[in-house]
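Colleague: Below is the file target.cif, with mmCIF, C-alpha atoms.
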```
data_entry
#
loop_
_atom_site.label_atom_id
_atom_site.label_comp_id
_atom_site.auth_asym_id
_atom_site.auth_seq_id
_atom_site.Cartn_x
_atom_site.Cartn_y
_atom_site.Cartn_z
CA MET U 8 -66.55 113.75 40.88
CA ALA U 9 -68.94 111.19 42.44
CA LEU U 10 -66.05 108.73 42.78
CA GLN U 11 -63.91 111.38 44.44
CA SER U 12 -66.74 112.20 46.89
CA PHE U 13 -67.18 108.51 47.66
CA ASN U 14 -63.43 108.14 48.30
CA PHE U 15 -63.43 111.19 50.54
CA ILE U 16 -66.37 109.85 52.57
CA LEU U 17 -64.64 106.47 52.82
CA PHE U 18 -61.47 108.23 54.01
CA LEU U 19 -63.45 110.08 56.71
CA GLN U 20 -65.09 106.84 57.85
CA CYS U 21 -61.69 105.16 58.14
CA LEU U 22 -60.36 108.15 60.05
CA VAL U 23 -63.27 107.95 62.50
CA ILE U 24 -62.72 104.18 62.96
CA LEU U 25 -59.03 104.71 63.60
CA SER U 26 -59.76 107.51 66.04
CA VAL U 27 -62.26 105.38 67.94
CA ALA U 28 -59.77 102.50 68.02
CA LYS U 29 -57.13 104.87 69.35
CA PHE U 30 -59.56 106.06 72.02
CA HIS U 31 -60.40 102.54 73.14
CA GLN U 32 -56.72 101.67 73.23
CA ALA U 33 -56.11 104.68 75.46
CA GLN U 34 -58.78 103.52 77.91
CA ILE U 35 -57.32 100.04 78.51
CA LEU U 36 -57.13 99.30 82.24
CA TYR U 37 -54.98 96.76 83.96
CA SER U 38 -56.73 93.71 85.34
CA SER U 39 -57.39 93.49 89.08
CA THR U 40 -57.06 89.70 89.16
CA ALA U 41 -54.43 87.13 88.22
CA LYS U 42 -55.06 83.39 88.01
CA LEU U 43 -52.65 80.69 89.10
CA PRO U 44 -50.04 80.12 87.67
CA THR U 45 -48.77 83.55 86.54
CA SER U 46 -45.32 85.10 86.37
CA TRP U 47 -44.18 88.70 85.94
CA THR U 48 -40.66 89.93 85.16
CA ASN U 49 -39.39 93.34 86.23
CA ASN U 50 -38.72 94.97 82.87
CA SER U 51 -38.29 98.46 84.34
CA THR U 52 -35.48 100.27 82.59
CA SER U 53 -34.71 102.77 85.35
CA SER U 54 -35.68 103.84 88.84
CA TYR U 55 -38.16 106.26 87.25
CA ASP U 56 -40.02 103.40 85.55
CA ASP U 57 -42.68 101.77 87.72
CA GLN U 58 -44.18 98.54 86.49
CA ILE U 59 -47.74 98.07 87.67
CA ILE U 60 -48.91 94.45 87.65
CA LEU U 61 -52.50 94.69 88.90
CA SER U 62 -54.78 97.64 89.59
CA ASN U 63 -58.40 97.90 90.54
CA GLN U 64 -60.53 98.48 87.48
CA LYS U 65 -62.51 101.41 88.84
CA PRO U 66 -60.09 104.26 89.54
CA ASN U 67 -61.47 107.49 90.93
CA SER U 68 -62.74 109.18 87.78
CA SER U 69 -62.18 112.67 89.19
CA TYR U 70 -58.51 112.15 90.02
CA ASP U 71 -57.60 109.10 87.93
CA ILE U 72 -56.19 107.30 90.94
CA GLY U 73 -56.71 103.90 92.50
CA PHE U 74 -54.78 101.14 94.21
CA GLY U 75 -52.32 98.86 92.46
CA CYS U 76 -49.36 96.57 92.98
CA GLY U 77 -46.15 96.03 91.08
CA PHE U 78 -42.43 96.77 90.91
CA TYR U 79 -41.60 100.13 92.47
CA SER U 80 -38.44 102.18 92.88
CA ASP U 81 -37.94 105.72 94.11
CA PRO U 82 -35.32 107.75 92.18
CA GLU U 83 -33.81 108.76 95.54
CA ILE U 84 -33.21 105.12 96.45
CA GLY U 85 -30.93 104.50 93.48
CA GLU U 86 -30.77 102.51 90.29
CA ASP U 87 -31.45 98.80 90.34
CA SER U 88 -33.28 98.79 93.69
CA PHE U 89 -36.86 97.65 93.26
CA TYR U 90 -39.62 96.55 95.62
CA PHE U 91 -42.80 94.56 95.18
CA ALA U 92 -45.23 97.15 96.47
CA VAL U 93 -48.88 97.98 96.96
CA GLY U 94 -49.85 101.61 96.83
CA ILE U 95 -51.82 104.48 95.42
CA VAL U 96 -51.34 104.64 91.68
CA GLU U 97 -52.40 107.26 89.18
CA ALA U 98 -53.22 106.88 85.52
CA PHE U 99 -52.03 108.97 82.61
CA ILE U 100 -52.03 108.59 78.86
CA ASP U 101 -48.68 107.79 77.29
CA PHE U 102 -48.57 110.02 74.23
CA GLU U 103 -46.27 107.72 72.27
CA SER U 104 -48.33 104.54 72.67
CA GLY U 105 -51.73 106.08 73.33
CA LYS U 106 -52.22 103.59 76.15
CA GLN U 107 -53.31 104.26 79.68
CA VAL U 108 -50.33 103.83 82.00
CA TRP U 109 -50.25 103.57 85.79
CA SER U 110 -47.45 104.74 88.04
CA PHE U 111 -47.06 104.80 91.83
CA LYS U 112 -48.03 107.99 93.59
CA ASN U 113 -47.38 106.62 97.10
CA THR U 114 -46.66 103.17 98.48
CA THR U 115 -48.67 101.72 101.37
CA TRP U 116 -47.05 98.28 101.68
CA LEU U 117 -43.68 96.77 100.70
CA ALA U 118 -42.96 93.03 100.56
CA ASN U 119 -39.16 93.20 100.50
CA ARG U 120 -38.31 96.51 102.12
CA ASN U 121 -35.07 95.15 103.65
CA ARG U 122 -33.94 93.35 100.48
CA PRO U 123 -34.57 95.23 97.23
CA VAL U 124 -34.32 93.32 93.96
CA GLY U 125 -32.86 94.32 90.62
CA LYS U 126 -34.00 94.40 87.02
CA ASP U 127 -35.18 91.06 85.64
CA ALA U 128 -36.43 89.98 89.08
CA THR U 129 -39.59 87.88 88.92
CA LEU U 130 -42.84 87.68 90.86
CA GLN U 131 -44.48 84.27 90.52
CA LEU U 132 -47.86 82.95 91.59
CA VAL U 133 -46.86 79.29 91.38
CA GLU U 134 -48.84 76.07 91.13
CA ASP U 135 -48.56 75.22 94.83
CA GLY U 136 -50.30 78.47 95.83
CA ASN U 137 -47.24 80.44 96.88
CA LEU U 138 -46.54 84.01 95.76
CA GLU U 139 -42.77 84.32 95.38
CA LEU U 140 -40.41 87.20 94.67
CA ARG U 141 -37.07 86.09 93.24
CA ASP U 142 -34.07 88.16 92.21
CA ARG U 143 -32.49 87.87 88.77
CA ASP U 144 -30.24 85.00 89.92
CA GLY U 145 -33.26 82.99 91.08
CA SER U 146 -32.68 83.50 94.81
CA LEU U 147 -35.88 83.65 96.87
CA ILE U 148 -36.26 87.12 98.43
CA TRP U 149 -39.81 86.98 99.80
CA SER U 150 -42.92 84.81 99.71
CA THR U 151 -46.39 84.56 101.24
CA ASN U 152 -45.49 81.15 102.72
CA THR U 153 -48.70 79.65 101.37
CA SER U 154 -47.19 76.72 99.46
CA SER U 155 -49.19 74.29 101.59
CA ARG U 156 -52.47 75.74 100.30
CA SER U 157 -53.03 73.88 97.07
CA ASP U 158 -56.59 75.27 96.92
CA ILE U 159 -55.38 78.82 96.11
CA VAL U 160 -56.54 79.79 92.62
CA GLY U 161 -55.67 83.47 92.23
CA MET U 162 -54.61 86.90 93.45
CA LYS U 163 -56.66 90.10 93.48
CA MET U 164 -56.00 93.80 94.01
CA MET U 165 -58.97 95.26 95.86
CA GLU U 166 -60.28 98.82 95.55
CA THR U 167 -59.63 99.15 99.29
CA GLY U 168 -55.87 98.73 98.77
CA ASN U 169 -55.81 95.16 100.10
CA LEU U 170 -53.95 92.56 98.04
CA PHE U 171 -55.07 89.01 98.70
CA LEU U 172 -54.79 85.40 97.59
CA TYR U 173 -58.07 83.48 97.44
CA ASP U 174 -59.20 79.86 97.16
CA ARG U 175 -61.84 78.06 95.10
CA ASP U 176 -64.56 79.28 97.45
CA ASN U 177 -63.38 82.90 97.04
CA THR U 178 -62.20 82.86 100.65
CA THR U 179 -59.20 84.98 101.58
CA VAL U 180 -56.15 82.81 102.36
CA TRP U 181 -53.51 85.55 102.63
CA GLN U 182 -53.80 89.36 102.58
CA SER U 183 -51.42 92.30 102.75
CA PHE U 184 -53.64 93.92 105.40
CA ASP U 185 -52.39 91.26 107.85
CA HIS U 186 -48.74 92.23 107.28
CA PRO U 187 -48.49 96.02 107.72
CA THR U 188 -45.17 97.78 107.14
CA ASP U 189 -45.18 101.51 108.01
CA THR U 190 -48.67 102.49 106.84
CA LEU U 191 -52.36 101.90 107.62
CA ILE U 192 -55.00 102.71 105.04
CA ILE U 193 -58.75 103.19 105.46
CA GLY U 194 -60.35 99.97 106.68
CA GLN U 195 -57.12 98.40 107.91
CA LYS U 196 -56.53 97.24 111.48
CA LEU U 197 -53.31 96.99 113.46
CA VAL U 198 -53.98 94.30 116.07
CA GLU U 199 -52.22 93.26 119.26
CA GLY U 200 -48.79 91.83 118.50
CA GLN U 201 -48.40 93.72 115.20
CA LYS U 202 -46.15 96.70 114.52
CA LEU U 203 -45.73 99.62 112.20
CA VAL U 204 -42.01 100.17 111.61
CA GLY U 205 -40.79 103.43 110.08
CA SER U 206 -38.16 103.48 107.36
CA VAL U 207 -34.54 104.41 108.03
CA SER U 208 -35.01 107.56 105.95
CA LYS U 209 -36.95 108.81 102.95
CA SER U 210 -34.22 107.42 100.70
CA ASN U 211 -33.78 104.13 102.59
CA MET U 212 -36.91 101.98 102.78
CA SER U 213 -35.39 99.44 105.19
CA GLU U 214 -36.82 99.11 108.69
CA GLY U 215 -35.61 101.90 110.97
CA ASN U 216 -35.60 102.41 114.73
CA TYR U 217 -39.04 103.92 115.27
CA TYR U 218 -42.00 101.58 115.65
CA LEU U 219 -45.58 101.44 116.91
CA SER U 220 -46.90 98.46 118.81
CA VAL U 221 -50.40 97.51 119.92
CA THR U 222 -50.49 96.01 123.42
CA SER U 223 -53.15 95.28 126.01
CA GLU U 224 -52.61 98.87 127.23
CA GLY U 225 -53.25 100.55 123.90
CA LEU U 226 -50.98 101.99 121.20
CA SER U 227 -47.36 102.75 122.14
CA ALA U 228 -44.55 104.39 120.19
CA TYR U 229 -40.95 103.32 120.70
CA TYR U 230 -37.44 104.12 119.60
CA GLN U 231 -35.39 100.95 119.23
CA ALA U 232 -32.17 101.12 121.25
CA ASP U 233 -30.35 98.71 123.57
CA VAL U 234 -33.39 99.21 125.75
CA PRO U 235 -36.43 100.42 123.72
CA VAL U 236 -37.47 103.96 124.63
CA GLU U 237 -41.24 104.53 124.84
CA TYR U 238 -42.05 108.10 123.92
CA LEU U 239 -45.85 108.07 123.74
CA THR U 240 -48.83 105.88 124.62
CA LEU U 241 -52.48 106.25 123.67
CA ARG U 242 -54.71 104.18 125.94
CA GLN U 243 -57.66 101.97 125.04
CA ASP U 244 -61.02 103.44 124.02
CA PHE U 245 -59.36 106.49 122.51
CA VAL U 246 -60.56 108.10 119.27
CA LEU U 247 -58.76 110.72 117.20
CA SER U 248 -61.16 112.33 114.71
CA TYR U 249 -60.48 114.82 111.94
CA ASN U 250 -62.90 116.71 109.74
CA THR U 251 -61.05 118.89 107.26
CA SER U 252 -61.16 119.26 103.49
CA SER U 253 -58.42 116.64 103.16
CA PHE U 254 -59.68 114.30 105.91
CA PRO U 255 -63.47 114.50 106.11
CA ASN U 256 -64.58 112.36 109.06
CA VAL U 257 -61.34 110.36 109.20
CA SER U 258 -60.86 108.66 112.57
CA VAL U 259 -58.22 106.59 114.34
CA HIS U 260 -59.82 104.24 116.88
CA ILE U 261 -57.96 102.42 119.65
CA GLY U 262 -60.23 99.66 120.90
CA VAL U 263 -60.27 96.45 122.89
CA LEU U 264 -62.65 94.01 121.15
CA PRO U 265 -62.20 91.24 120.17
CA LYS U 266 -58.65 92.08 121.22
CA PRO U 267 -56.68 95.35 121.37
CA TYR U 268 -56.46 97.05 117.98
CA VAL U 269 -55.98 100.31 116.10
CA PHE U 270 -58.49 100.94 113.31
CA PHE U 271 -58.22 103.66 110.67
CA SER U 272 -61.67 104.47 109.28
CA SER U 273 -63.84 106.87 107.34
CA PRO U 274 -67.54 106.66 106.39
CA THR U 275 -67.00 108.38 103.04
CA ASN U 276 -65.77 106.56 99.94
CA TYR U 277 -63.86 109.52 98.56
CA THR U 278 -61.37 109.47 101.43
CA LEU U 279 -60.16 105.94 100.64
CA MET U 280 -56.85 107.35 99.42
CA SER U 281 -56.02 108.81 102.84
CA TYR U 282 -53.49 106.90 104.87
CA MET U 283 -51.76 106.95 108.25
CA LYS U 284 -47.98 106.55 108.20
CA LEU U 285 -45.15 106.25 110.71
CA ASP U 286 -42.53 108.54 109.20
CA PRO U 287 -38.75 107.95 109.54
CA ASP U 288 -38.51 110.64 112.25
CA GLY U 289 -41.05 108.91 114.53
CA HIS U 290 -43.98 111.19 113.71
CA ILE U 291 -47.31 109.59 112.83
CA LYS U 292 -49.10 111.56 110.15
CA LEU U 293 -52.33 111.40 108.20
CA TYR U 294 -51.82 112.00 104.48
CA GLY U 295 -54.52 112.99 102.03
CA ASP U 296 -54.94 112.82 98.25
CA ASN U 297 -53.11 116.10 97.76
CA SER U 298 -50.21 115.06 100.06
CA GLU U 299 -51.42 117.42 102.77
CA SER U 300 -50.59 115.93 106.16
CA ILE U 301 -51.63 116.24 109.80
CA ASP U 302 -49.30 115.27 112.63
CA ILE U 303 -51.48 113.09 114.88
CA TRP U 304 -49.38 113.72 117.97
CA GLY U 305 -48.34 117.26 117.16
CA GLY U 306 -50.34 118.57 120.11
CA PRO U 307 -49.42 116.35 123.09
CA LEU U 308 -45.85 115.76 121.96
CA GLY U 309 -43.42 118.60 121.26
CA GLU U 310 -40.70 118.30 118.63
CA CYS U 311 -37.93 117.95 121.20
CA GLU U 312 -39.75 115.11 122.96
CA TYR U 313 -39.08 112.72 120.07
CA PRO U 314 -36.00 110.53 120.72
CA THR U 315 -32.88 111.72 118.84
CA SER U 316 -34.74 114.72 117.38
CA CYS U 317 -32.51 117.23 119.17
CA GLY U 318 -29.21 115.77 118.10
CA GLU U 319 -26.08 114.97 120.07
CA TYR U 320 -26.08 118.20 122.09
CA GLY U 321 -29.81 118.33 122.80
CA VAL U 322 -30.41 121.33 120.52
CA CYS U 323 -33.56 121.30 118.38
#
```
Mind turning this structure into structure tokens?
Modeller:
Amino acid sequence: MALQSFNFILFLQCLVILSVAKFHQAQILYSSTAKLPTSWTNNSTSSYDDQIILSNQKPNSSYDIGFGCGFYSDPEIGEDSFYFAVGIVEAFIDFESGKQVWSFKNTTWLANRNRPVGKDATLQLVEDGNLELRDRDGSLIWSTNTSSRSDIVGMKMMETGNLFLYDRDNTTVWQSFDHPTDTLIIGQKLVEGQKLVGSVSKSNMSEGNYYLSVTSEGLSAYYQADVPVEYLTLRQDFVLSYNTSSFPNVSVHIGVLPKPYVFFSSPTNYTLMSYMKLDPDGHIKLYGDNSESIDIWGGPLGECEYPTSCGEYGVC
């Protein structure tokens, strides 16, 4: 009887150890940093299968979300069309493996939006300091053009949503914030000479005809035609502020120093997942954690005042 009790206690101890091991396995987080040289292969099996490469190590504990980068594909885009993306990612526990898995909730930056890659494409942080995206046949699709910077030592995914390459002195050499696509996130600036370019459609991530440009006059919105059509301008020293449950104290600033810029900001940490996006239809919207949106120009600009919105016969 004593031997049976001892065996039973031993069995319980083993069960507890296994359970704890399973728990720790489930809490594994992706690293936020990669050292040079490193290579990743797109092993995604379908357009539903995101492959996160790096994520910040402190996701929002209330929502299990953070920022990450990796291979992304939207099911609406089609099979075998992947992008190297930065975006808002959310964690969940895979019941089969017991591991914590990240998937994209929304993308905020795309490296190769005009040239998607396929399965078995590779992302390489190579010895010469360049970050390169190559398709399965080895063709170069996109790079950071930093091959001349032999002092680059690694890549990091920041909690702010900024992806950057850094040198031995931990100085930023290249960052995604300097190359916006169609989105600004909290803390990101759009400076004079830069653009936000909307996608062709929700199912086509390529650059479309609507774009925003910062000039010495302020922020202007255009529709690209033979002659670009300007459909709205916000002048310098203009501030758009919102204070709702989804956007507490979120502001869009249009300033002039040190040179003209647009700055998307918020003083509260829990709004970091909000973002400002130029949608395919030319609308600029603020999006919150719960996908609620506010049309920034919904007041001064009516629906029919957007180029092409009323169709061939001018009917909205």
Colleague: Taking all atoms listed in the file into account, name the residue in U:Glu103, U:Asp144, U:Lys209, U:Leu138 that is nearest to Val180 in chain U.
Modeller: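 Closest to Val180 in chain U of all the choices is U:Leu138.
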Colleague: Given the PyMOL selection byres ((chain U and resi 251-268) around 8) and the file above, list the residues it selects as a VMD selection string.
Modeller: chain U and resid 196 to 199 221 to 226 241 to 250 269 to 275 278 281 295 to 297 299
Colleague: So how far away is CA of Thr179 in chain U from CA of Arg156 in chain U, in Å?
Modeller: 11.5 Å
Colleague: Quick one: residues within 7 Å of range 76-88 of chain U, only C-alpha atoms counted, chain neighbours fewer than 4 positions away excluded, as a list in words?
Modeller: Asn49, Ser53, Ser54, Tyr55, Asp57, Gln58, Ile59, Ile60, Leu61, Ser62, Ala92, Val93, Gly94, Pro123, Val124, Gly125, Lys126, Ser210 and Asn211 of chain U
Colleague: Write to file, as a PDB file, in the frame of the given file, the residues of the selection just made, with C-alpha atoms.
Modeller:
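Wrote it out as out_4.pdb, contents follow:
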```pdb
ATOM      1  CA  ASN U  49     -39.390  93.340  86.230  1.00  0.00           C
ATOM      2  CA  SER U  53     -34.710 102.770  85.350  1.00  0.00           C
ATOM      3  CA  SER U  54     -35.680 103.840  88.840  1.00  0.00           C
ATOM      4  CA  TYR U  55     -38.160 106.260  87.250  1.00  0.00           C
ATOM      5  CA  ASP U  57     -42.680 101.770  87.720  1.00  0.00           C
ATOM      6  CA  GLN U  58     -44.180  98.540  86.490  1.00  0.00           C
ATOM      7  CA  ILE U  59     -47.740  98.070  87.670  1.00  0.00           C
ATOM      8  CA  ILE U  60     -48.910  94.450  87.650  1.00  0.00           C
ATOM      9  CA  LEU U  61     -52.500  94.690  88.900  1.00  0.00           C
ATOM     10  CA  SER U  62     -54.780  97.640  89.590  1.00  0.00           C
ATOM     11  CA  ALA U  92     -45.230  97.150  96.470  1.00  0.00           C
ATOM     12  CA  VAL U  93     -48.880  97.980  96.960  1.00  0.00           C
ATOM     13  CA  GLY U  94     -49.850 101.610  96.830  1.00  0.00           C
ATOM     14  CA  PRO U 123     -34.570  95.230  97.230  1.00  0.00           C
ATOM     15  CA  VAL U 124     -34.320  93.320  93.960  1.00  0.00           C
ATOM     16  CA  GLY U 125     -32.860  94.320  90.620  1.00  0.00           C
ATOM     17  CA  LYS U 126     -34.000  94.400  87.020  1.00  0.00           C
ATOM     18  CA  SER U 210     -34.220 107.420 100.700  1.00  0.00           C
ATOM     19  CA  ASN U 211     -33.780 104.130 102.590  1.00  0.00           C
TER      20      ASN U 211
END
```
Colleague: For Asn119 in chain U, find every residue with an atom within 8 Å (counting all atoms listed in the file), except residues of its own chain fewer than 3 positions away, and show them as a PyMOL selection string.
Modeller: chain U and resi 90-91+122-123+148-149
Colleague: Output the residue selection produced by the PyMOL selection byres ((chain U and resi 108) around 6) on the file above, formatted as a list in words.
Modeller: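 Taken on the displayed file, the PyMOL selection byres ((chain U and resi 108) around 6) yields the residues Ala98, Phe99, Ile100, Gln107 and Trp109 of chain U.
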Colleague: Just the residues within 9 Å of range 161-172 of chain U, please, counting only C-alpha atoms, with nothing from its chain fewer than 2 positions along; format it as a PyMOL selection string.
Modeller: chain U and resi 38-45+61-66+73-76+93-95+115+132+136+138+159+174-175+177-184+192-195+279-280
Colleague: Write the residues of the preceding selection, restricted to C-alpha atoms, as a compact mmCIF listing (two decimals), in the coordinates of the input.
Modeller:
```txt
# COMPACT_ATOMS: atom_id res chain seq x y z
CA SER U 38 -56.73 93.71 85.34
CA SER U 39 -57.39 93.49 89.08
CA THR U 40 -57.06 89.70 89.16
CA ALA U 41 -54.43 87.13 88.22
CA LYS U 42 -55.06 83.39 88.01
CA LEU U 43 -52.65 80.69 89.10
CA PRO U 44 -50.04 80.12 87.67
CA THR U 45 -48.77 83.55 86.54
CA LEU U 61 -52.50 94.69 88.90
CA SER U 62 -54.78 97.64 89.59
CA ASN U 63 -58.40 97.90 90.54
CA GLN U 64 -60.53 98.48 87.48
CA LYS U 65 -62.51 101.41 88.84
CA PRO U 66 -60.09 104.26 89.54
CA GLY U 73 -56.71 103.90 92.50
CA PHE U 74 -54.78 101.14 94.21
CA GLY U 75 -52.32 98.86 92.46
CA CYS U 76 -49.36 96.57 92.98
CA VAL U 93 -48.88 97.98 96.96
CA GLY U 94 -49.85 101.61 96.83
CA ILE U 95 -51.82 104.48 95.42
CA THR U 115 -48.67 101.72 101.37
CA LEU U 132 -47.86 82.95 91.59
CA GLY U 136 -50.30 78.47 95.83
CA LEU U 138 -46.54 84.01 95.76
CA ILE U 159 -55.38 78.82 96.11
CA ASP U 174 -59.20 79.86 97.16
CA ARG U 175 -61.84 78.06 95.10
CA ASN U 177 -63.38 82.90 97.04
CA THR U 178 -62.20 82.86 100.65
CA THR U 179 -59.20 84.98 101.58
CA VAL U 180 -56.15 82.81 102.36
CA TRP U 181 -53.51 85.55 102.63
CA GLN U 182 -53.80 89.36 102.58
CA SER U 183 -51.42 92.30 102.75
CA PHE U 184 -53.64 93.92 105.40
CA ILE U 192 -55.00 102.71 105.04
CA ILE U 193 -58.75 103.19 105.46
CA GLY U 194 -60.35 99.97 106.68
CA GLN U 195 -57.12 98.40 107.91
CA LEU U 279 -60.16 105.94 100.64
CA MET U 280 -56.85 107.35 99.42
```
